[in-house]
Each structure stands twice: as C-alpha cells, then as structure tokens.
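Q: Encoded as structure tokens, here's the structure I'll be asking about.
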Amino acid sequence: MPHHNIVCEWLRTIGLAHYGDSFLENGYDELEICKQIGEIDLDAIGVDNPSHRGKLLKSVRMLREKGAAIVYVLINDPKALSSSNEILASDCDTPVTMKELEAVMKRHLEADGIRLTAHPYSTPVSPTSPYYHIHIYS
C-alpha cells in the first residue's frame, strides 16, 4: 500500500489502512474526492463490513464538515486534539473547536520557525495604502 498518499494516511488514522489500495484503484486518491463517498461507492470499493462502512461514512461526513486540514494535523500529531485520532470516525457532534485547531496549527508553525506576521508571509502596509485602516484581530 502506498504510504505517501493522503487518502492512505487518512484511512490509517481511522484504523482502516487495509482499504488503501482499493480506494486508490477506484480513483479515490484525494480527500476532496473522498468527501463524496456514499453507500454505493463503498460497495464498489469493497467495504462489506457494516462497522467499517459506518466508520467510513462518519469520517467522510467529518471531512465535509470540518475540512481536510484536520487530517494533516492528525497525521503530524495524532494526540494534538483532545478528542484523539478517532475524531474523524466519531459522531459529528464531537467537539473540535476552532480554538483547538488554532492552537495545534500555532504549535506546528512555531516548531517549524514560521511567523505568518513576518516576511514573506505578510508585507507591511504603508499609511498611504487604501488597506492601511484594515486590522486583523485574533
């Protein structure tokens, strides 16, 4: 199974890595494509186990609702969010707050030495710029 594909990594985080080849063979090689998976797709992929189907459908719903960024966070730091790596396969009302996600992203950026407020990620605005009055508050 290819370990460098994000879909395979996503499946690994929810404990269903053994479906990786089947997903890729059926064209599900990007998370954006996986967001569209439904019952019929699981039939084509060969997911017959009812508990695996349920887990995948819940995880797909989480991908649609929370976005694919959470998968990247979990791959890099599985314990980053208080809800653990089962978050993608849990019920949709499992709280994953923006505050939690922001904290994780901030830690990763700091660890990588990235300052989004510094060049090249931002450019100082001149007082004569029409954008000078715009402020971003955190």
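Labels used: A, B, ... for chains in the order of the structure tokens, numbers from 1 for residues in each chain, and numbers from 1 for ligands as shown.
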Would you pick out the contacts of segment 23-30 of chain A at 9 Å or less, using only C-alpha atoms, so that residues sharing its chain but fewer than 2 positions from it are not included, and give the list as a PyMOL selection string?
A: chain A and resi 5-8+19-21+32-35+37+41+44-46
Q: With all heavy atoms retained, could you export that selection as a compact mmCIF listing (two decimals), in the first residue's frame?
A:
# COMPACT_ATOMS: atom_id res chain seq x y z
N ASN A 5 0.36 8.63 0.05
CA ASN A 5 -0.89 9.20 -0.40
C ASN A 5 -1.72 9.65 0.80
O ASN A 5 -1.87 8.91 1.76
CB ASN A 5 -1.66 8.18 -1.25
CG ASN A 5 -2.95 8.75 -1.78
OD1 ASN A 5 -3.92 8.83 -1.06
ND2 ASN A 5 -2.94 9.14 -3.04
N ILE A 6 -2.29 10.84 0.71
CA ILE A 6 -3.05 11.40 1.83
C ILE A 6 -4.28 10.55 2.16
O ILE A 6 -4.67 10.45 3.33
CB ILE A 6 -3.43 12.88 1.55
CG1 ILE A 6 -4.03 13.53 2.81
CG2 ILE A 6 -4.38 12.99 0.37
CD1 ILE A 6 -3.10 13.61 3.98
N VAL A 7 -4.88 9.93 1.17
CA VAL A 7 -6.04 9.08 1.43
C VAL A 7 -5.62 7.86 2.25
O VAL A 7 -6.31 7.48 3.21
CB VAL A 7 -6.76 8.66 0.12
CG1 VAL A 7 -7.86 7.65 0.38
CG2 VAL A 7 -7.31 9.90 -0.59
N CYS A 8 -4.48 7.28 1.92
CA CYS A 8 -3.98 6.14 2.70
C CYS A 8 -3.67 6.56 4.13
O CYS A 8 -3.94 5.81 5.08
CB CYS A 8 -2.74 5.54 2.03
SG CYS A 8 -3.08 4.79 0.43
N TYR A 19 -7.80 -0.76 3.48
CA TYR A 19 -8.62 -0.41 2.32
C TYR A 19 -7.89 0.55 1.37
O TYR A 19 -8.43 0.91 0.32
CB TYR A 19 -9.93 0.25 2.75
CG TYR A 19 -10.90 -0.70 3.43
CD1 TYR A 19 -11.20 -0.56 4.78
CD2 TYR A 19 -11.51 -1.72 2.72
CE1 TYR A 19 -12.09 -1.42 5.41
CE2 TYR A 19 -12.39 -2.59 3.33
CZ TYR A 19 -12.68 -2.43 4.68
OH TYR A 19 -13.56 -3.29 5.29
N GLY A 20 -6.68 0.94 1.70
CA GLY A 20 -5.95 1.93 0.90
C GLY A 20 -5.85 1.60 -0.57
O GLY A 20 -6.18 2.43 -1.43
N ASP A 21 -5.40 0.40 -0.89
CA ASP A 21 -5.26 0.01 -2.31
C ASP A 21 -6.60 0.05 -3.03
O ASP A 21 -6.69 0.52 -4.17
CB ASP A 21 -4.65 -1.38 -2.43
CG ASP A 21 -3.16 -1.41 -2.07
OD1 ASP A 21 -2.51 -0.34 -2.19
OD2 ASP A 21 -2.66 -2.48 -1.67
N GLU A 32 -10.58 15.49 -1.32
CA GLU A 32 -11.74 16.17 -1.90
C GLU A 32 -12.66 15.18 -2.61
O GLU A 32 -13.88 15.32 -2.56
CB GLU A 32 -11.29 17.28 -2.86
CG GLU A 32 -10.68 18.47 -2.17
CD GLU A 32 -11.62 19.14 -1.17
OE1 GLU A 32 -12.80 19.36 -1.50
OE2 GLU A 32 -11.17 19.44 -0.05
N ILE A 33 -12.10 14.19 -3.25
CA ILE A 33 -12.90 13.15 -3.91
C ILE A 33 -13.57 12.27 -2.85
O ILE A 33 -14.73 11.90 -2.98
CB ILE A 33 -12.02 12.31 -4.86
CG1 ILE A 33 -11.48 13.19 -5.99
CG2 ILE A 33 -12.81 11.13 -5.43
CD1 ILE A 33 -10.41 12.53 -6.83
N CYS A 34 -12.84 11.96 -1.80
CA CYS A 34 -13.38 11.10 -0.73
C CYS A 34 -14.56 11.74 -0.02
O CYS A 34 -15.40 11.03 0.54
CB CYS A 34 -12.29 10.75 0.27
SG CYS A 34 -11.06 9.63 -0.41
N LYS A 35 -14.65 13.06 -0.05
CA LYS A 35 -15.77 13.75 0.60
C LYS A 35 -17.10 13.39 -0.04
O LYS A 35 -18.16 13.59 0.55
CB LYS A 35 -15.58 15.26 0.53
CG LYS A 35 -14.51 15.80 1.42
CD LYS A 35 -14.42 17.31 1.26
CE LYS A 35 -13.36 17.92 2.14
NZ LYS A 35 -13.33 19.39 2.00
N ILE A 37 -17.96 10.26 -1.04
CA ILE A 37 -18.24 8.83 -0.89
C ILE A 37 -19.58 8.59 -0.20
O ILE A 37 -19.90 9.23 0.79
CB ILE A 37 -17.11 8.14 -0.10
CG1 ILE A 37 -15.85 8.09 -0.96
CG2 ILE A 37 -17.52 6.73 0.34
CD1 ILE A 37 -14.63 7.55 -0.23
N ASP A 41 -20.59 3.88 -3.34
CA ASP A 41 -19.14 3.93 -3.53
C ASP A 41 -18.45 2.88 -2.66
O ASP A 41 -17.50 2.23 -3.09
CB ASP A 41 -18.61 5.31 -3.18
CG ASP A 41 -19.27 6.39 -4.00
OD1 ASP A 41 -19.07 6.41 -5.23
OD2 ASP A 41 -20.01 7.20 -3.42
N ALA A 44 -18.57 -0.40 -4.33
CA ALA A 44 -17.59 -0.51 -5.42
C ALA A 44 -16.17 -0.70 -4.88
O ALA A 44 -15.37 -1.43 -5.46
CB ALA A 44 -17.66 0.73 -6.31
N ILE A 45 -15.87 -0.04 -3.77
CA ILE A 45 -14.54 -0.13 -3.17
C ILE A 45 -14.33 -1.49 -2.52
O ILE A 45 -13.21 -1.98 -2.40
CB ILE A 45 -14.33 1.01 -2.15
CG1 ILE A 45 -14.32 2.35 -2.88
CG2 ILE A 45 -13.06 0.83 -1.34
CD1 ILE A 45 -14.42 3.57 -1.96
N GLY A 46 -15.42 -2.13 -2.12
CA GLY A 46 -15.33 -3.44 -1.49
C GLY A 46 -15.37 -3.42 0.03
O GLY A 46 -14.88 -4.34 0.68
Q: Using only C-alpha atoms, can you tell me which of A:Met62, A:Tyr72, A:Gln36, A:Val104 comes closest to Thr13 of chain A?
A: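 The shortest atom-to-atom distance to Thr13 of chain A comes from A:Tyr72.
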Q: Excluding Leu57 of chain A and any residue of its chain fewer than 2 positions from it, enumerate the residues within 9 Å of it, using only C-alpha atoms, and give them as a JSON list (two decimals) with N, CA and C atoms, in the first residue's frame.
A:
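Ended up saving to selection-v9.json:
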[["chain", "number", "residue", "atom", "x", "y", "z"],
["A", 37, "ILE", "N", -17.96, 10.26, -1.04],
["A", 37, "ILE", "CA", -18.24, 8.83, -0.89],
["A", 37, "ILE", "C", -19.58, 8.59, -0.20],
["A", 38, "GLY", "N", -20.32, 7.66, -0.77],
["A", 38, "GLY", "CA", -21.59, 7.24, -0.19],
["A", 38, "GLY", "C", -21.68, 5.71, -0.18],
["A", 39, "GLU", "N", -22.84, 5.21, 0.15],
["A", 39, "GLU", "CA", -23.04, 3.75, 0.25],
["A", 39, "GLU", "C", -22.65, 3.01, -1.02],
["A", 42, "LEU", "N", -18.94, 2.71, -1.43],
["A", 42, "LEU", "CA", -18.35, 1.72, -0.54],
["A", 42, "LEU", "C", -18.53, 0.31, -1.10],
["A", 52, "HIS", "N", -17.19, -1.10, 9.51],
["A", 52, "HIS", "CA", -16.23, -0.32, 8.72],
["A", 52, "HIS", "C", -16.96, 0.70, 7.85],
["A", 53, "ARG", "N", -18.08, 0.28, 7.29],
["A", 53, "ARG", "CA", -18.88, 1.19, 6.46],
["A", 53, "ARG", "C", -19.35, 2.38, 7.29],
["A", 54, "GLY", "N", -19.86, 2.08, 8.48],
["A", 54, "GLY", "CA", -20.33, 3.14, 9.35],
["A", 54, "GLY", "C", -19.21, 4.10, 9.74],
["A", 55, "LYS", "N", -18.07, 3.54, 10.07],
["A", 55, "LYS", "CA", -16.91, 4.34, 10.47],
["A", 55, "LYS", "C", -16.46, 5.24, 9.31],
["A", 59, "SER", "N", -16.63, 9.31, 9.05],
["A", 59, "SER", "CA", -15.40, 10.02, 8.77],
["A", 59, "SER", "C", -15.54, 10.91, 7.54],
["A", 60, "VAL", "N", -16.22, 10.44, 6.52],
["A", 60, "VAL", "CA", -16.47, 11.24, 5.32],
["A", 60, "VAL", "C", -17.30, 12.47, 5.69],
["A", 61, "ARG", "N", -18.30, 12.27, 6.53],
["A", 61, "ARG", "CA", -19.13, 13.39, 6.97],
["A", 61, "ARG", "C", -18.26, 14.43, 7.72],
["A", 62, "MET", "N", -17.33, 13.94, 8.54],
["A", 62, "MET", "CA", -16.44, 14.84, 9.25],
["A", 62, "MET", "C", -15.52, 15.59, 8.27],
["A", 89, "ALA", "N", -13.73, 9.54, 12.83],
["A", 89, "ALA", "CA", -14.68, 8.45, 12.74],
["A", 89, "ALA", "C", -15.74, 8.55, 13.83]]
Q: Could you work out how far atom CA of Val71 of chain A lies from atom CA of Ser22 of chain A, giving the answer in Å with one decimal?
A: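 Going from atom CA of Ser22 of chain A over to atom CA of Val71 of chain A, I get 19.5 Å.
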